[in-house]
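Participant: Sending over start.csv (CSV, C-alpha atoms).
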```csv
chain,number,residue,atom,x,y,z
A,1,MET,CA,5.2,-5.2,1.3
A,2,HIS,CA,4.5,-8.2,-0.8
A,3,LYS,CA,3.5,-7.8,-4.5
A,4,LEU,CA,0.0,-9.2,-4.6
A,5,ASN,CA,-2.3,-10.4,-7.4
A,6,PHE,CA,-4.4,-7.3,-7.4
A,7,PRO,CA,-4.0,-4.1,-9.6
A,8,ASN,CA,-1.7,-1.5,-8.1
A,9,TYR,CA,-3.4,0.9,-5.8
A,10,GLN,CA,-2.2,4.1,-4.0
A,11,PHE,CA,-2.5,3.9,-0.2
A,12,ARG,CA,-1.9,6.5,2.5
A,13,LEU,CA,0.9,5.1,4.6
A,14,SER,CA,2.3,6.5,7.9
A,15,ILE,CA,4.6,5.7,10.8
A,16,MET,CA,3.1,6.0,14.3
A,17,ASP,CA,4.9,5.0,17.4
A,18,ASP,CA,7.5,3.2,15.2
A,19,LYS,CA,4.8,1.1,13.6
A,20,SER,CA,3.9,1.1,9.9
A,21,MET,CA,0.3,2.2,9.4
A,22,ILE,CA,-2.1,2.2,6.5
A,23,PHE,CA,-5.3,4.3,6.1
A,24,ASP,CA,-8.5,2.2,5.8
A,25,VAL,CA,-11.0,4.0,3.7
A,26,VAL,CA,-13.9,2.0,5.1
A,27,ARG,CA,-13.1,2.5,8.8
A,28,LYS,CA,-11.7,6.0,8.1
A,29,LYS,CA,-8.6,5.6,10.3
A,30,PHE,CA,-5.1,4.4,10.2
A,31,VAL,CA,-4.6,0.8,11.2
A,32,ARG,CA,-1.4,-1.2,11.8
A,33,LEU,CA,0.1,-2.5,8.6
A,34,THR,CA,0.5,-6.3,8.9
A,35,ASP,CA,0.8,-8.8,6.0
A,36,GLU,CA,-2.9,-9.7,6.5
A,37,GLU,CA,-3.9,-6.0,6.6
A,38,TRP,CA,-2.0,-5.4,3.4
A,39,VAL,CA,-4.1,-8.1,1.7
A,40,ARG,CA,-7.3,-6.7,3.3
A,41,GLN,CA,-6.6,-3.2,2.1
A,42,ASN,CA,-5.8,-4.3,-1.4
A,43,CYS,CA,-8.9,-6.5,-1.5
A,44,ILE,CA,-11.1,-3.5,-0.3
A,45,SER,CA,-9.6,-1.3,-3.1
A,46,TYR,CA,-10.3,-4.1,-5.6
A,47,LEU,CA,-13.9,-4.4,-4.5
A,48,ILE,CA,-14.4,-0.7,-4.7
A,49,ASN,CA,-12.5,0.1,-7.9
A,50,GLU,CA,-12.9,-3.0,-10.0
A,51,LYS,CA,-16.1,-4.6,-8.7
A,52,LEU,CA,-17.8,-1.3,-8.0
A,53,CYS,CA,-18.9,-2.0,-4.5
A,54,PRO,CA,-20.0,1.2,-2.7
A,55,THR,CA,-17.6,2.0,0.1
A,56,SER,CA,-20.5,2.9,2.4
A,57,LEU,CA,-21.8,-0.7,2.0
A,58,ILE,CA,-18.6,-2.4,3.1
A,59,ALA,CA,-17.9,-3.4,6.7
A,60,VAL,CA,-14.4,-4.3,7.9
A,61,GLU,CA,-13.8,-6.6,10.9
A,62,LYS,CA,-17.5,-6.9,11.5
A,63,GLU,CA,-18.2,-8.6,14.8
A,64,LEU,CA,-20.7,-11.4,14.9
A,65,THR,CA,-21.6,-14.1,17.4
A,66,LEU,CA,-21.2,-17.7,16.4
A,67,HIS,CA,-22.0,-20.5,19.0
A,68,SER,CA,-21.9,-17.9,21.8
A,69,MET,CA,-18.4,-16.7,20.8
A,70,LYS,CA,-17.5,-13.4,19.3
A,71,ARG,CA,-15.8,-13.5,15.9
A,72,ARG,CA,-14.8,-10.9,13.3
A,73,THR,CA,-15.3,-11.2,9.6
A,74,ASP,CA,-12.5,-9.5,7.5
A,75,ILE,CA,-14.9,-7.9,4.9
A,76,VAL,CA,-18.6,-8.0,4.4
A,77,VAL,CA,-20.4,-6.3,1.5
A,78,TYR,CA,-24.0,-5.3,2.0
A,79,ASP,CA,-26.9,-4.2,-0.2
A,80,ASN,CA,-28.6,-0.9,0.4
A,81,LYS,CA,-31.1,-2.4,2.8
A,82,GLY,CA,-28.4,-3.8,5.0
A,83,MET,CA,-28.5,-7.4,3.9
A,84,PRO,CA,-25.1,-9.1,3.6
A,85,LEU,CA,-24.1,-10.2,0.1
A,86,LEU,CA,-20.5,-11.3,0.3
A,87,ILE,CA,-18.1,-12.4,3.0
A,88,VAL,CA,-14.4,-12.1,2.3
A,89,GLU,CA,-11.8,-13.9,4.5
A,90,CYS,CA,-8.3,-12.5,4.1
A,91,LYS,CA,-5.1,-14.2,5.0
A,92,ALA,CA,-1.4,-13.2,4.8
A,93,PRO,CA,0.4,-14.1,1.6
A,94,SER,CA,2.4,-16.7,3.5
A,95,VAL,CA,-0.9,-18.6,4.5
A,96,LYS,CA,-1.9,-21.2,2.0
A,97,ILE,CA,-5.6,-21.2,1.0
A,98,SER,CA,-6.9,-24.5,2.4
A,99,PRO,CA,-10.2,-26.1,3.1
A,100,GLU,CA,-9.9,-24.8,6.7
A,101,VAL,CA,-9.8,-21.2,5.4
A,102,PHE,CA,-13.0,-21.8,3.4
A,103,ASP,CA,-14.5,-23.5,6.5
A,104,GLN,CA,-13.8,-20.4,8.5
A,105,ALA,CA,-15.8,-18.2,6.0
A,106,ALA,CA,-18.5,-20.9,5.8
A,107,ARG,CA,-18.9,-20.8,9.6
A,108,TYR,CA,-19.4,-17.0,9.5
A,109,ASN,CA,-22.0,-17.7,6.8
A,110,LEU,CA,-24.1,-19.7,9.3
A,111,THR,CA,-24.9,-16.3,10.8
A,112,LEU,CA,-24.9,-14.0,7.8
A,113,LYS,CA,-26.3,-16.3,5.1
A,114,VAL,CA,-24.7,-14.6,2.1
A,115,ASN,CA,-24.8,-16.0,-1.4
A,116,TYR,CA,-21.1,-15.5,-2.1
A,117,LEU,CA,-17.9,-16.4,-0.1
A,118,MET,CA,-14.5,-15.3,-1.1
A,119,VAL,CA,-11.1,-16.2,0.4
A,120,THR,CA,-7.8,-14.6,-0.6
A,121,ASN,CA,-4.2,-14.5,0.5
A,122,GLY,CA,-3.5,-11.7,-2.0
A,123,LEU,CA,-1.9,-14.2,-4.4
A,124,GLN,CA,-4.8,-16.6,-4.9
A,125,HIS,CA,-8.5,-15.6,-4.8
A,126,TYR,CA,-11.4,-18.1,-4.7
A,127,CYS,CA,-15.0,-17.2,-4.7
A,128,CYS,CA,-18.0,-19.5,-4.6
A,129,PHE,CA,-21.8,-19.1,-4.9
A,130,ILE,CA,-23.9,-20.7,-2.2
A,131,ASP,CA,-27.2,-22.2,-3.2
A,132,HIS,CA,-29.1,-22.2,0.1
A,133,GLN,CA,-32.1,-24.0,-1.3
A,134,LYS,CA,-30.1,-26.9,-2.7
A,135,GLN,CA,-27.6,-26.7,0.2
A,136,SER,CA,-24.7,-26.7,-2.3
A,137,TYR,CA,-22.0,-24.4,-3.6
A,138,ALA,CA,-20.1,-23.9,-6.8
A,139,PHE,CA,-16.9,-22.0,-7.4
A,140,VAL,CA,-17.2,-19.1,-9.8
A,141,GLU,CA,-14.4,-18.1,-12.2
A,142,GLU,CA,-14.5,-14.4,-11.5
A,143,ILE,CA,-15.5,-12.4,-8.5
A,144,PRO,CA,-18.9,-10.9,-9.4
A,145,LEU,CA,-19.5,-7.2,-9.9
A,146,TYR,CA,-21.5,-5.5,-7.2
A,147,LYS,CA,-24.6,-5.4,-9.3
A,148,ASP,CA,-24.4,-9.1,-9.9
A,149,LEU,CA,-24.2,-9.8,-6.2
A,150,LEU,CA,-27.6,-8.3,-5.9
A,151,ILE,CA,-29.3,-11.0,-8.0
```
Please express the file's structure as structure tokens.

Facilitator:
Amino acid sequence: MHKLNFPNYQFRLSIMDDKSMIFDVVRKKFVRLTDEEWVRQNCISYLINEKLCPTSLIAVEKELTLHSMKRRTDIVVYDNKGMPLLIVECKAPSVKISPEVFDQAARYNLTLKVNYLMVTNGLQHYCCFIDHQKQSYAFVEEIPLYKDLLI
């Protein structure tokens, strides 16, 4: 798999029906290892190990309804009351991070109303703070620690 701009993590890998699989610690099952899934699993490990997000407060491929259509967010981090704090949109390393990628996460935020949005292709990571009162956003230099998402 691609070398990503995350620390090196150990993953449980397997082959099932001639397909490469990776164990997802959030969903507690093996999932097909695609380029996007590789980014997602590295990002999950980053959030858990570096940003100290509790595994039990992370959802992967969370379904939501947007304009009567079913959509799935890649990663959502919650507080201990079930309120969403952060949406992460993951793309394969070959996908350039563009305004359209951020727009996708922002559309999900119409439903979830989080304060932080992150997009990553594993090579580049961008995170912004959403000020709902001022209806504005600002990019942050570093992805916040879990405890800082709670503020």

Participant: Go ahead and compute the interatomic distance for CA of Val77 in chain A and CA of Arg40 in chain A, in Å to one decimal.

Facilitator: 13.2 Å

Participant: Do you know which residues are at most 8 Å from Thr73 in chain A counting all atoms listed in the file, after dropping those on the same chain fewer than 5 positions away, and could you put them as a list in words?

Facilitator: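 That gives Val60, Glu61, Lys62, Glu63, Leu64, Ile87, Val88, Glu89, Ala105 and Tyr108 of chain A.
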
Participant: Near Phe102 in chain A, counting only C-alpha atoms, which residues have an atom at most 10 Å away, once you skip same-chain residues fewer than 4 positions from it, shown as a PDB file with C-alpha atoms, in the frame of the given file?

Facilitator:
```
ATOM      1  CA  VAL A  88     -14.400 -12.100   2.300  1.00  0.00           C
ATOM      2  CA  GLU A  89     -11.800 -13.900   4.500  1.00  0.00           C
ATOM      3  CA  ILE A  97      -5.600 -21.200   1.000  1.00  0.00           C
ATOM      4  CA  SER A  98      -6.900 -24.500   2.400  1.00  0.00           C
ATOM      5  CA  ALA A 106     -18.500 -20.900   5.800  1.00  0.00           C
ATOM      6  CA  ARG A 107     -18.900 -20.800   9.600  1.00  0.00           C
ATOM      7  CA  LEU A 117     -17.900 -16.400  -0.100  1.00  0.00           C
ATOM      8  CA  MET A 118     -14.500 -15.300  -1.100  1.00  0.00           C
ATOM      9  CA  VAL A 119     -11.100 -16.200   0.400  1.00  0.00           C
ATOM     10  CA  THR A 120      -7.800 -14.600  -0.600  1.00  0.00           C
ATOM     11  CA  TYR A 126     -11.400 -18.100  -4.700  1.00  0.00           C
ATOM     12  CA  CYS A 127     -15.000 -17.200  -4.700  1.00  0.00           C
ATOM     13  CA  CYS A 128     -18.000 -19.500  -4.600  1.00  0.00           C
TER      14      CYS A 128
END
```

Participant: Rank nothing, just name the residue among A:Gln10, A:Asn121, A:Gln41, A:Asn80 nearest to Val26 in chain A, using only C-alpha atoms.

Facilitator: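 The shortest atom-to-atom distance to Val26 in chain A comes from A:Gln41.
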
Participant: At a cut-off of 12 Å, using all atoms listed in the file, what residues contact Ile15 in chain A? Leave out same-chain residues fewer than 5 positions from it and give the result as a list of chain:residue names.

Facilitator: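 The filter keeps A:Ser20, A:Met21, A:Ile22, A:Phe23, A:Phe30, A:Val31, A:Arg32, A:Leu33.
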
Participant: Please provide as a PyMOL selection string all residues within 12 Å of Asn49 in chain A, with the sequence filter that same-chain residues fewer than 6 positions apart are discarded (counting all atoms listed in the file).

Facilitator: chain A and resi 6-10+42-43+55+145-146
